[in-house]
>>> print(open('input.txt').read())   # compact mmCIF, C-alpha atoms
# COMPACT_ATOMS: atom_id res chain seq x y z
CA MET W 22 -40.31 -13.68 -14.89
CA ASN W 23 -38.37 -10.70 -16.30
CA ARG W 24 -34.66 -10.82 -17.07
CA LEU W 25 -33.14 -7.34 -16.92
CA ALA W 26 -29.63 -5.89 -16.96
CA CYS W 27 -28.46 -3.18 -14.58
CA ILE W 28 -25.19 -1.30 -15.07
CA ASP W 29 -23.83 0.89 -12.29
CA ILE W 30 -20.79 3.11 -12.83
CA GLY W 31 -19.18 4.22 -9.62
CA THR W 32 -16.07 6.18 -8.73
CA VAL W 33 -13.89 3.05 -8.63
CA THR W 34 -15.84 0.17 -10.21
CA ALA W 35 -18.21 -0.38 -13.10
CA ARG W 36 -20.59 -3.26 -12.45
CA LEU W 37 -23.14 -5.34 -14.33
CA ALA W 38 -25.99 -7.40 -12.93
CA VAL W 39 -28.26 -9.61 -15.03
CA ALA W 40 -31.23 -10.33 -12.79
CA ASP W 41 -34.30 -12.52 -12.97
CA VAL W 42 -37.14 -10.85 -11.08
CA GLU W 43 -40.48 -12.48 -10.33
CA GLY W 44 -43.24 -11.31 -8.02
CA GLY W 45 -41.20 -8.33 -6.88
CA ARG W 46 -38.28 -10.53 -5.76
CA VAL W 47 -34.89 -11.22 -7.32
CA THR W 48 -34.72 -14.98 -7.89
CA ARG W 49 -31.32 -15.03 -9.58
CA MET W 50 -28.57 -12.51 -10.17
CA ALA W 51 -25.27 -12.84 -12.01
CA LYS W 52 -22.81 -10.02 -11.39
CA ARG W 53 -19.60 -8.80 -12.99
CA SER W 54 -17.32 -6.06 -11.72
CA GLN W 55 -14.32 -4.24 -13.14
CA ILE W 56 -12.20 -1.53 -11.53
CA CYS W 57 -12.17 1.35 -14.03
CA ASN W 58 -11.44 4.29 -11.68
CA LEU W 59 -13.76 6.78 -13.36
CA GLY W 60 -13.20 9.15 -10.43
CA GLU W 61 -9.41 9.25 -10.73
CA GLY W 62 -8.38 12.87 -10.08
CA VAL W 63 -11.95 14.20 -9.90
CA ASP W 64 -11.67 15.39 -6.28
CA ALA W 65 -8.77 17.68 -7.25
CA THR W 66 -9.76 18.74 -10.78
CA GLY W 67 -13.55 18.48 -10.95
CA HIS W 68 -13.19 16.73 -14.34
CA LEU W 69 -13.53 13.21 -15.68
CA SER W 70 -10.37 12.44 -17.64
CA ASP W 71 -10.50 11.16 -21.20
CA ALA W 72 -8.54 8.09 -20.13
CA ALA W 73 -11.01 7.26 -17.36
CA ILE W 74 -13.98 7.76 -19.68
CA GLY W 75 -12.33 5.48 -22.23
CA ARG W 76 -11.80 2.74 -19.66
CA VAL W 77 -15.43 2.87 -18.56
CA VAL W 78 -16.91 2.96 -22.06
CA SER W 79 -14.80 -0.02 -23.15
CA CYS W 80 -15.95 -1.95 -20.09
CA VAL W 81 -19.62 -1.04 -20.51
CA ARG W 82 -19.53 -1.96 -24.19
CA SER W 83 -18.59 -5.50 -23.14
CA TYR W 84 -21.31 -5.44 -20.47
CA VAL W 85 -23.98 -4.60 -23.05
CA ASP W 86 -22.80 -7.50 -25.19
CA ASN W 87 -22.81 -9.80 -22.13
CA ALA W 88 -26.31 -8.72 -21.15
CA ARG W 89 -27.63 -9.30 -24.64
CA ALA W 90 -25.99 -12.73 -24.81
CA ALA W 91 -27.52 -13.61 -21.42
CA GLY W 92 -31.00 -12.90 -22.77
CA ALA W 93 -31.76 -9.67 -20.89
CA ALA W 94 -34.73 -7.91 -22.44
CA ALA W 95 -33.66 -4.41 -21.42
CA ALA W 96 -30.96 -2.51 -19.57
CA CYS W 97 -30.70 0.49 -17.28
CA CYS W 98 -27.57 2.44 -16.42
CA THR W 99 -26.70 4.65 -13.45
CA LEU W 100 -23.69 6.80 -12.55
CA THR W 101 -22.94 7.93 -9.01
CA SER W 102 -20.47 10.05 -7.04
CA ALA W 103 -17.73 10.75 -9.60
CA ALA W 104 -20.25 11.80 -12.25
CA ARG W 105 -22.13 13.92 -9.68
CA ASP W 106 -18.92 15.79 -8.86
CA ALA W 107 -17.63 16.24 -12.41
CA ASP W 108 -18.45 19.28 -14.52
CA ASN W 109 -18.10 17.30 -17.76
CA ALA W 110 -20.29 14.28 -16.99
CA GLU W 111 -22.24 14.92 -20.18
CA LYS W 112 -19.23 13.61 -22.12
CA ILE W 113 -19.48 10.10 -20.71
CA GLU W 114 -23.27 10.23 -20.89
CA GLY W 115 -23.04 10.83 -24.64
CA GLU W 116 -20.63 7.91 -25.07
CA LEU W 117 -22.97 5.61 -23.14
CA ARG W 118 -26.00 6.69 -25.18
CA ALA W 119 -24.07 5.67 -28.28
CA LEU W 120 -24.03 2.14 -26.82
CA GLY W 121 -27.85 2.13 -26.69
CA LEU W 122 -28.20 3.03 -22.99
CA GLU W 123 -29.96 5.91 -21.24
CA PRO W 124 -27.48 6.80 -18.47
CA LEU W 125 -28.78 8.61 -15.39
CA VAL W 126 -26.56 10.43 -12.90
CA ILE W 127 -28.47 9.68 -9.70
CA PRO W 128 -28.51 11.86 -6.58
CA GLY W 129 -27.03 10.48 -3.38
CA ARG W 130 -30.48 10.12 -1.86
CA VAL W 131 -31.59 7.85 -4.70
CA GLU W 132 -28.37 5.86 -4.50
CA GLY W 133 -28.84 5.34 -0.77
CA SER W 134 -32.51 4.39 -1.17
CA LEU W 135 -31.78 1.80 -3.86
CA THR W 136 -28.97 0.29 -1.81
CA PHE W 137 -31.19 0.10 1.26
CA LEU W 138 -33.89 -1.62 -0.79
CA GLY W 139 -31.41 -4.28 -1.88
CA VAL W 140 -29.73 -4.82 1.48
CA ALA W 141 -32.91 -4.84 3.57
CA GLN W 142 -34.23 -7.96 1.82
CA ASP W 143 -32.02 -9.95 4.23
CA PHE W 144 -33.27 -8.10 7.35
CA PRO W 145 -37.10 -7.97 7.15
CA GLY W 146 -38.79 -6.22 10.05
CA ARG W 147 -35.55 -4.91 11.58
CA LEU W 148 -34.54 -1.26 11.96
CA ILE W 149 -31.13 -1.15 10.29
CA LEU W 150 -28.53 1.38 9.25
CA VAL W 151 -27.18 0.67 5.77
CA ALA W 152 -23.92 2.24 4.62
CA ASP W 153 -22.85 2.06 0.98
CA ASN W 154 -19.16 2.93 1.14
CA GLY W 155 -18.00 3.72 -2.38
CA GLY W 156 -15.10 5.50 -4.00
CA GLY W 157 -16.29 9.09 -3.67
CA SER W 158 -19.07 8.97 -1.10
CA THR W 159 -20.84 6.93 1.55
CA GLU W 160 -24.63 6.73 1.45
CA LEU W 161 -26.30 6.26 4.84
CA ALA W 162 -29.88 5.01 5.05
CA LEU W 163 -31.91 4.24 8.16
CA GLY W 164 -35.16 2.33 7.92
CA ARG W 165 -37.06 -0.91 7.95
CA LEU W 166 -38.43 -3.28 5.33
CA GLY W 167 -41.77 -4.52 6.61
CA GLU W 168 -42.73 -8.18 6.59
CA ASP W 169 -45.29 -7.18 3.94
CA GLY W 170 -42.56 -5.69 1.74
CA ALA W 171 -43.45 -2.07 2.54
CA LEU W 172 -40.39 0.18 2.69
CA ASP W 173 -40.09 2.55 5.66
CA LEU W 174 -37.10 4.80 4.91
CA ARG W 175 -36.61 7.30 7.72
CA PHE W 176 -33.34 8.98 6.81
CA VAL W 177 -31.05 8.98 3.76
CA ARG W 178 -27.94 11.10 3.26
CA SER W 179 -24.86 11.01 1.06
CA VAL W 180 -21.56 11.97 2.71
CA ASN W 181 -18.51 12.80 0.59
CA VAL W 182 -16.25 10.21 2.22
CA GLY W 183 -15.11 7.31 0.05
CA CYS W 184 -12.02 5.20 -0.50
CA ARG W 185 -10.70 7.14 -3.50
CA ARG W 186 -11.56 10.56 -2.09
CA VAL W 187 -9.82 9.81 1.23
CA THR W 188 -6.84 8.32 -0.61
CA GLU W 189 -6.36 11.24 -2.97
CA LYS W 190 -6.69 13.78 -0.14
CA PHE W 191 -4.40 12.10 2.41
CA LEU W 192 -2.98 8.68 1.49
CA ALA W 193 -1.88 8.86 -2.14
CA GLY W 194 1.70 7.66 -1.53
CA ASP W 195 3.03 4.19 -2.16
CA GLY W 196 3.16 3.49 1.58
CA PRO W 197 3.73 2.63 4.31
CA ALA W 198 1.33 5.35 5.45
CA ASP W 199 2.62 8.39 7.28
CA ALA W 200 1.15 8.56 10.80
CA GLY W 201 0.24 12.23 10.41
CA ALA W 202 -1.51 11.65 7.11
CA LEU W 203 -3.42 8.72 8.58
CA ALA W 204 -4.55 10.85 11.54
CA ALA W 205 -5.65 13.61 9.15
CA ALA W 206 -7.67 11.09 7.14
CA HIS W 207 -9.45 9.94 10.29
CA GLU W 208 -10.14 13.52 11.34
CA PHE W 209 -11.63 14.30 7.91
CA ALA W 210 -13.89 11.23 8.01
CA ALA W 211 -14.99 11.92 11.59
CA ARG W 212 -15.75 15.56 10.83
CA SER W 213 -17.79 14.54 7.79
CA PHE W 214 -19.80 11.74 9.42
CA SER W 215 -20.42 13.25 12.86
CA PRO W 216 -23.09 15.87 12.00
CA VAL W 217 -24.98 13.42 9.78
CA VAL W 218 -24.99 10.78 12.51
CA ARG W 219 -26.45 13.36 14.94
CA GLU W 220 -29.00 14.63 12.42
CA GLY W 221 -30.28 11.17 11.55
CA ALA W 222 -30.12 9.68 15.07
CA LEU W 223 -27.90 6.93 13.69
CA VAL W 224 -26.22 5.95 16.98
CA ALA W 225 -26.40 2.22 17.67
CA ALA W 226 -29.02 0.87 20.05
CA GLY W 227 -27.54 0.51 23.52
CA SER W 228 -24.80 3.09 22.95
CA PRO W 229 -24.58 6.42 24.82
CA GLY W 230 -26.74 9.01 23.09
CA ALA W 231 -28.86 6.49 21.20
CA ALA W 232 -32.45 7.42 20.41
CA ALA W 233 -35.41 5.59 21.96
CA GLU W 234 -35.77 3.70 18.68
CA ALA W 235 -32.24 3.22 17.37
CA PRO W 236 -30.72 1.03 14.65
CA GLU W 237 -29.94 -2.47 15.88
CA GLN W 238 -27.61 -3.46 13.06
CA LEU W 239 -25.05 -1.73 10.84
CA VAL W 240 -24.88 -3.30 7.37
CA VAL W 241 -22.13 -2.11 5.05
CA THR W 242 -21.82 -2.76 1.35
CA GLY W 243 -19.25 -1.83 -1.27
CA GLY W 244 -15.84 -3.02 -2.42
CA THR W 245 -13.97 -1.83 0.66
CA VAL W 246 -15.93 -3.86 3.21
CA THR W 247 -16.18 -7.00 1.09
CA THR W 248 -12.41 -6.81 0.53
CA LEU W 249 -11.79 -6.35 4.26
CA VAL W 250 -13.85 -9.46 5.02
CA ALA W 251 -11.96 -11.36 2.31
CA LEU W 252 -8.66 -10.19 3.82
CA SER W 253 -9.73 -11.22 7.31
CA LEU W 254 -10.59 -14.70 5.98
CA ALA W 255 -7.59 -14.84 3.59
CA LEU W 256 -9.99 -15.77 0.76
CA ASP W 257 -8.15 -16.65 -2.42
CA PRO W 258 -10.08 -16.88 -4.64
CA TYR W 259 -12.82 -14.54 -3.50
CA ASP W 260 -15.98 -16.35 -2.36
CA PRO W 261 -19.10 -14.12 -2.22
CA ALA W 262 -21.04 -16.80 -0.32
CA ARG W 263 -18.58 -16.55 2.58
CA VAL W 264 -18.47 -12.75 2.48
CA HIS W 265 -22.21 -12.09 2.33
CA LEU W 266 -23.56 -11.30 5.83
CA ALA W 267 -20.18 -12.04 7.44
CA GLU W 268 -19.50 -10.12 10.64
CA LEU W 269 -16.50 -7.83 11.01
CA SER W 270 -15.78 -6.37 14.44
CA ARG W 271 -14.36 -2.92 15.01
CA ASP W 272 -11.35 -4.47 16.74
CA ALA W 273 -10.69 -6.67 13.71
CA LEU W 274 -11.07 -3.68 11.39
CA ASP W 275 -8.60 -1.66 13.49
CA GLU W 276 -6.12 -4.53 13.25
CA LEU W 277 -6.55 -4.65 9.48
CA GLU W 278 -5.99 -0.90 9.24
CA ALA W 279 -2.76 -1.11 11.24
CA ARG W 280 -1.58 -3.99 9.07
CA LEU W 281 -2.40 -2.22 5.79
CA ALA W 282 -0.89 1.07 6.96
CA GLY W 283 2.44 -0.65 7.59
CA LEU W 284 2.68 -2.04 4.05
CA THR W 285 3.51 -0.58 0.68
CA VAL W 286 0.82 -0.62 -2.02
CA ALA W 287 2.66 -3.48 -3.73
CA GLN W 288 2.69 -5.47 -0.49
CA ARG W 289 -1.03 -4.83 0.02
CA ALA W 290 -1.71 -6.06 -3.51
CA ALA W 291 0.03 -9.35 -2.71
CA LEU W 292 -2.28 -10.17 0.21
CA PRO W 293 -4.80 -13.00 -0.34
CA GLY W 294 -8.30 -11.56 -0.69
CA ILE W 295 -7.58 -8.25 -2.46
CA GLN W 296 -7.76 -7.21 -6.11
CA THR W 297 -4.48 -5.69 -7.29
CA GLN W 298 -6.24 -2.54 -8.54
CA ARG W 299 -7.95 -2.00 -5.18
CA ALA W 300 -4.68 -2.02 -3.23
CA PRO W 301 -3.99 1.74 -3.67
CA VAL W 302 -7.36 2.74 -2.15
CA ILE W 303 -8.07 0.02 0.41
CA LEU W 304 -6.47 1.89 3.33
CA GLY W 305 -8.54 5.01 2.60
CA GLY W 306 -11.68 2.88 2.54
CA THR W 307 -10.71 1.19 5.79
CA VAL W 308 -10.36 4.59 7.46
CA ALA W 309 -13.82 5.59 6.21
CA VAL W 310 -15.56 2.43 7.45
CA GLY W 311 -13.73 2.45 10.77
CA GLU W 312 -14.57 6.07 11.48
CA LEU W 313 -18.21 5.47 10.60
CA MET W 314 -18.29 2.67 13.19
CA ARG W 315 -16.77 4.96 15.81
CA GLN W 316 -19.20 7.79 15.14
CA THR W 317 -22.24 5.50 15.27
CA GLY W 318 -21.03 3.38 18.21
CA PHE W 319 -21.33 0.00 16.49
CA ARG W 320 -18.85 -2.60 17.68
CA ALA W 321 -19.46 -4.83 14.66
CA LEU W 322 -20.93 -4.68 11.17
CA ARG W 323 -22.40 -7.10 8.67
CA ALA W 324 -21.05 -7.05 5.13
CA SER W 325 -23.58 -7.38 2.32
CA GLU W 326 -23.29 -8.42 -1.31
CA SER W 327 -26.90 -7.28 -1.88
CA ASP W 328 -26.01 -3.75 -2.92
CA LEU W 329 -27.31 -1.00 -5.17
CA LEU W 330 -27.53 -3.42 -8.11
CA PHE W 331 -30.01 -5.55 -6.18
CA GLY W 332 -32.25 -2.57 -5.43
CA LEU W 333 -31.82 -1.26 -8.97
CA ALA W 334 -33.02 -4.61 -10.34
CA LEU W 335 -36.21 -4.36 -8.27
CA ALA W 336 -36.82 -0.78 -9.41
CA ALA W 337 -36.12 -1.74 -13.04
CA ASP W 338 -38.59 -4.63 -12.84
CA ALA W 339 -41.29 -2.30 -11.52
CA ALA W 340 -40.62 0.15 -14.35
CA TRP W 341 -40.70 -2.68 -16.91
CA ARG W 342 -44.09 -3.83 -15.61
CA GLY W 343 -45.47 -0.28 -15.35
CA ALA W 344 -45.90 -0.71 -11.58
CA ASP W 345 -45.18 1.80 -8.83
CA SER W 346 -41.50 2.07 -8.00
CA PRO W 347 -40.44 0.73 -4.57
CA VAL W 348 -38.47 3.99 -4.13
CA VAL W 349 -39.31 7.53 -5.24
CA TRP W 350 -37.44 7.17 -8.53
CA LYS W 351 -37.55 4.96 -11.59
CA PRO W 352 -34.80 3.98 -14.05
CA GLU W 353 -34.88 4.50 -17.79
CA LEU W 354 -34.85 1.12 -19.57
CA ARG W 355 -33.63 0.56 -23.10
CA LEU W 356 -34.44 -2.58 -25.11
CA LEU W 357 -31.56 -4.93 -25.89
CA ARG W 358 -33.24 -7.31 -28.28
>>> encode(input="input.txt", output="structure tokens")
Amino acid sequence: MNRLACIDIGTVTARLAVADVEGGRVTRMAKRSQICNLGEGVDATGHLSDAAIGRVVSCVRSYVDNARAAGAAAACCTLTSAARDADNAEKIEGELRALGLEPLVIPGRVEGSLTFLGVAQDFPGRLILVADNGGGSTELALGRLGEDGALDLRFVRSVNVGCRRVTEKFLAGDGPADAGALAAAHEFAARSFSPVVREGALVAAGSPGAAAEAPEQLVVTGGTVTTLVALSLALDPYDPARVHLAELSRDALDELEARLAGLTVAQRAALPGIQTQRAPVILGGTVAVGELMRQTGFRALRASESDLLFGLALAADAAWRGADSPVVWKPELRLLR
């Protein structure tokens, strides 16, 4: 058994997983998450701010200490949408190297592939569409994990629609949301998703325009969808066991959007099931997920806690053992002991 640490730095959250992997399967994973908002202002300026970099580095420093204390032999570190968009990503990379990590800014295709690898463990043999809805982008991956563990990835794309990006473009006020701004946010998300859905034949099985072999399940991961499930169940405190693989219908999501749109950010933050720091961007994320469901024709989704970190742990284990990577990419591991 190998115990490895995986750190993923997204547009909104920085996350740590300490995973035990044996025989190509994750047998145990402990996760931590902190909202650091690395991507704050990046859509408008193209830069990572010093304040955002400082927040992330402080968080990751504690993660490295946590991973070492938990007995992880090595750690890998990835950065996603915000770092891809920023023209000064090398600044945060240097700060992370000083902590003993080898940070990698991963392309959207790699991000989507790793997320699919993690999510698909719960859906062996089924053709599924996996959506990783983050702060700056949404990765869409269509494929199947065979009963033998073989990965059949048919289509992977990254679309620049995420909760922070939609918020900063259209919904940055303190609320309630302006009806015109909300309509513009939907139009932006629809315009962004629509050509990718057509290109990848991502329309739900049984819907008009679906391909002969079409995805039978939409599985969504990321802080927006897990928060929406928590809100729908009024979970306080948050319970990942109740969120994982929970179903959320499009009708229920539309009701949540209408409810959130009618509240101020402070009122959203007071709802049971939401982190205070996620309240400013939850409506933008809800628009993104809802519009994805409309464009693909799915009437319901499954939320998944088995996200990029899960797939990253499997890829890290393969790299640690010198085995072939389950996806066409391998992380850079650095010893912690």
>>> atom_distance(input="input.txt", atom1="CA of Leu357 (chain W)", atom2="CA of Glu326 (chain W)")
26.2 Å
>>> axis_aligned_box(input="input.txt", around="region 305-319 of chain W", padding_each_side="8 Å", output="lines of an AutoDock Vina configuration file")
center_x = -15.4
center_y = 3.9
center_z = 10.4
size_x = 29.7
size_y = 23.8
size_z = 31.7
>>> closest_residue(input="input.txt", among="W:Ala206, W:Ile30, W:Met50, W:Leu166", to="Asp143 (chain W)", atoms="only C-alpha atoms")
W:Leu166
>>> closest_residue(input="input.txt", among="W:Ala324, W:Leu172, W:Leu25, W:Ala226", to="Leu269 (chain W)", atoms="all atoms listed in the file")
W:Ala324
>>> residues_around(input="input.txt", residues="Asp338 (chain W)", least_positions_apart="5", cutoff="10 Å", atoms="only C-alpha atoms", output="CSV table (one decimal) with C-alpha atoms, in the frame of the given file")
chain,number,residue,atom,x,y,z
W,22,MET,CA,-40.3,-13.7,-14.9
W,23,ASN,CA,-38.4,-10.7,-16.3
W,24,ARG,CA,-34.7,-10.8,-17.1
W,25,LEU,CA,-33.1,-7.3,-16.9
W,26,ALA,CA,-29.6,-5.9,-17.0
W,40,ALA,CA,-31.2,-10.3,-12.8
W,41,ASP,CA,-34.3,-12.5,-13.0
W,42,VAL,CA,-37.1,-10.8,-11.1
W,43,GLU,CA,-40.5,-12.5,-10.3
W,44,GLY,CA,-43.2,-11.3,-8.0
W,45,GLY,CA,-41.2,-8.3,-6.9
W,46,ARG,CA,-38.3,-10.5,-5.8
W,47,VAL,CA,-34.9,-11.2,-7.3
W,95,ALA,CA,-33.7,-4.4,-21.4
W,332,GLY,CA,-32.2,-2.6,-5.4
W,333,LEU,CA,-31.8,-1.3,-9.0
W,343,GLY,CA,-45.5,-0.3,-15.4
W,344,ALA,CA,-45.9,-0.7,-11.6
W,346,SER,CA,-41.5,2.1,-8.0
W,351,LYS,CA,-37.6,5.0,-11.6
W,352,PRO,CA,-34.8,4.0,-14.0
W,354,LEU,CA,-34.8,1.1,-19.6
>>> residues_near_point(input="input.txt", point="(-3.7, -1.2, 12.1)", cutoff="12 Å", atoms="all atoms listed in the file", output="NGL selection string")
:W and (197-198 or 200 or 203 or 271-284 or 304 or 307-308 or 311)
>>> write_last_selection(input="input.txt", atoms="C-alpha atoms", output="JSON list (two decimals), keeping the file's coordinate frame")
[["chain", "number", "residue", "atom", "x", "y", "z"],
["W", 197, "PRO", "CA", 3.73, 2.63, 4.31],
["W", 198, "ALA", "CA", 1.33, 5.35, 5.45],
["W", 200, "ALA", "CA", 1.15, 8.56, 10.80],
["W", 203, "LEU", "CA", -3.42, 8.72, 8.58],
["W", 271, "ARG", "CA", -14.36, -2.92, 15.01],
["W", 272, "ASP", "CA", -11.35, -4.47, 16.74],
["W", 273, "ALA", "CA", -10.69, -6.67, 13.71],
["W", 274, "LEU", "CA", -11.07, -3.68, 11.39],
["W", 275, "ASP", "CA", -8.60, -1.66, 13.49],
["W", 276, "GLU", "CA", -6.12, -4.53, 13.25],
["W", 277, "LEU", "CA", -6.55, -4.65, 9.48],
["W", 278, "GLU", "CA", -5.99, -0.90, 9.24],
["W", 279, "ALA", "CA", -2.76, -1.11, 11.24],
["W", 280, "ARG", "CA", -1.58, -3.99, 9.07],
["W", 281, "LEU", "CA", -2.40, -2.22, 5.79],
["W", 282, "ALA", "CA", -0.89, 1.07, 6.96],
["W", 283, "GLY", "CA", 2.44, -0.65, 7.59],
["W", 284, "LEU", "CA", 2.68, -2.04, 4.05],
["W", 304, "LEU", "CA", -6.47, 1.89, 3.33],
["W", 307, "THR", "CA", -10.71, 1.19, 5.79],
["W", 308, "VAL", "CA", -10.36, 4.59, 7.46],
["W", 311, "GLY", "CA", -13.73, 2.45, 10.77]]
>>> atom_distance(input="input.txt", atom1="CA of Gly164 (chain W)", atom2="CA of Leu150 (chain W)")
6.8 Å
>>> atom_distance(input="input.txt", atom1="CA of Arg49 (chain W)", atom2="CA of Ala88 (chain W)")
14.1 Å
>>> closest_residue(input="input.txt", among="W:Arg320, W:Pro261, W:Arg165, W:Ala222", to="Ala51 (chain W)", atoms="only C-alpha atoms")
W:Pro261
>>> residues_around(input="input.txt", residues="Val78 (chain W)", least_positions_apart="6", cutoff="9 Å", atoms="only C-alpha atoms", output="PyMOL selection string")
chain W and resi 113+116-117+120
>>> build_atoms(input="input.txt", residues="region 286-293 of chain W", atoms="all heavy atoms", output="PDB file, in the frame of the given file")
ATOM      1  N   VAL W 286       1.948  -0.248  -1.151  1.00  0.00           N
ATOM      2  CA  VAL W 286       0.820  -0.620  -2.020  1.00  0.00           C
ATOM      3  C   VAL W 286       1.096  -1.977  -2.671  1.00  0.00           C
ATOM      4  O   VAL W 286       0.201  -2.821  -2.776  1.00  0.00           O
ATOM      5  CB  VAL W 286       0.568   0.465  -3.071  1.00  0.00           C
ATOM      6  CG1 VAL W 286      -0.412  -0.031  -4.145  1.00  0.00           C
ATOM      7  CG2 VAL W 286       0.021   1.733  -2.411  1.00  0.00           C
ATOM      8  N   ALA W 287       2.320  -2.204  -3.098  1.00  0.00           N
ATOM      9  CA  ALA W 287       2.660  -3.480  -3.730  1.00  0.00           C
ATOM     10  C   ALA W 287       2.491  -4.640  -2.753  1.00  0.00           C
ATOM     11  O   ALA W 287       2.020  -5.723  -3.131  1.00  0.00           O
ATOM     12  CB  ALA W 287       4.097  -3.443  -4.250  1.00  0.00           C
ATOM     13  N   GLN W 288       2.859  -4.423  -1.499  1.00  0.00           N
ATOM     14  CA  GLN W 288       2.690  -5.470  -0.490  1.00  0.00           C
ATOM     15  C   GLN W 288       1.211  -5.718  -0.193  1.00  0.00           C
ATOM     16  O   GLN W 288       0.798  -6.866   0.013  1.00  0.00           O
ATOM     17  CB  GLN W 288       3.440  -5.097   0.781  1.00  0.00           C
ATOM     18  CG  GLN W 288       4.957  -5.170   0.641  1.00  0.00           C
ATOM     19  CD  GLN W 288       5.681  -4.559   1.831  1.00  0.00           C
ATOM     20  OE1 GLN W 288       5.191  -3.614   2.462  1.00  0.00           O
ATOM     21  NE2 GLN W 288       6.854  -5.095   2.143  1.00  0.00           N
ATOM     22  N   ARG W 289       0.413  -4.664  -0.171  1.00  0.00           N
ATOM     23  CA  ARG W 289      -1.030  -4.830   0.020  1.00  0.00           C
ATOM     24  C   ARG W 289      -1.622  -5.651  -1.124  1.00  0.00           C
ATOM     25  O   ARG W 289      -2.475  -6.515  -0.912  1.00  0.00           O
ATOM     26  CB  ARG W 289      -1.729  -3.470   0.097  1.00  0.00           C
ATOM     27  CG  ARG W 289      -1.357  -2.627   1.298  1.00  0.00           C
ATOM     28  CD  ARG W 289      -1.886  -1.208   1.163  1.00  0.00           C
ATOM     29  NE  ARG W 289      -1.175  -0.297   2.063  1.00  0.00           N
ATOM     30  CZ  ARG W 289      -1.180   1.023   1.956  1.00  0.00           C
ATOM     31  NH1 ARG W 289      -1.855   1.605   0.973  1.00  0.00           N
ATOM     32  NH2 ARG W 289      -0.507   1.769   2.809  1.00  0.00           N
ATOM     33  N   ALA W 290      -1.174  -5.370  -2.334  1.00  0.00           N
ATOM     34  CA  ALA W 290      -1.710  -6.060  -3.510  1.00  0.00           C
ATOM     35  C   ALA W 290      -1.404  -7.556  -3.484  1.00  0.00           C
ATOM     36  O   ALA W 290      -2.116  -8.350  -4.111  1.00  0.00           O
ATOM     37  CB  ALA W 290      -1.143  -5.444  -4.783  1.00  0.00           C
ATOM     38  N   ALA W 291      -0.364  -7.940  -2.770  1.00  0.00           N
ATOM     39  CA  ALA W 291       0.030  -9.350  -2.710  1.00  0.00           C
ATOM     40  C   ALA W 291      -0.735 -10.141  -1.663  1.00  0.00           C
ATOM     41  O   ALA W 291      -0.618 -11.367  -1.601  1.00  0.00           O
ATOM     42  CB  ALA W 291       1.533  -9.449  -2.429  1.00  0.00           C
ATOM     43  N   LEU W 292      -1.544  -9.475  -0.845  1.00  0.00           N
ATOM     44  CA  LEU W 292      -2.280 -10.170   0.210  1.00  0.00           C
ATOM     45  C   LEU W 292      -3.412 -11.010  -0.392  1.00  0.00           C
ATOM     46  O   LEU W 292      -4.088 -10.572  -1.325  1.00  0.00           O
ATOM     47  CB  LEU W 292      -2.879  -9.154   1.189  1.00  0.00           C
ATOM     48  CG  LEU W 292      -1.883  -8.319   2.004  1.00  0.00           C
ATOM     49  CD1 LEU W 292      -2.630  -7.235   2.784  1.00  0.00           C
ATOM     50  CD2 LEU W 292      -1.077  -9.193   2.949  1.00  0.00           C
ATOM     51  N   PRO W 293      -3.667 -12.199   0.142  1.00  0.00           N
ATOM     52  CA  PRO W 293      -4.800 -13.000  -0.340  1.00  0.00           C
ATOM     53  C   PRO W 293      -6.125 -12.342   0.038  1.00  0.00           C
ATOM     54  O   PRO W 293      -6.325 -11.967   1.193  1.00  0.00           O
ATOM     55  CB  PRO W 293      -4.627 -14.346   0.367  1.00  0.00           C
ATOM     56  CG  PRO W 293      -3.774 -14.043   1.560  1.00  0.00           C
ATOM     57  CD  PRO W 293      -2.899 -12.898   1.179  1.00  0.00           C
TER      58      PRO W 293
END
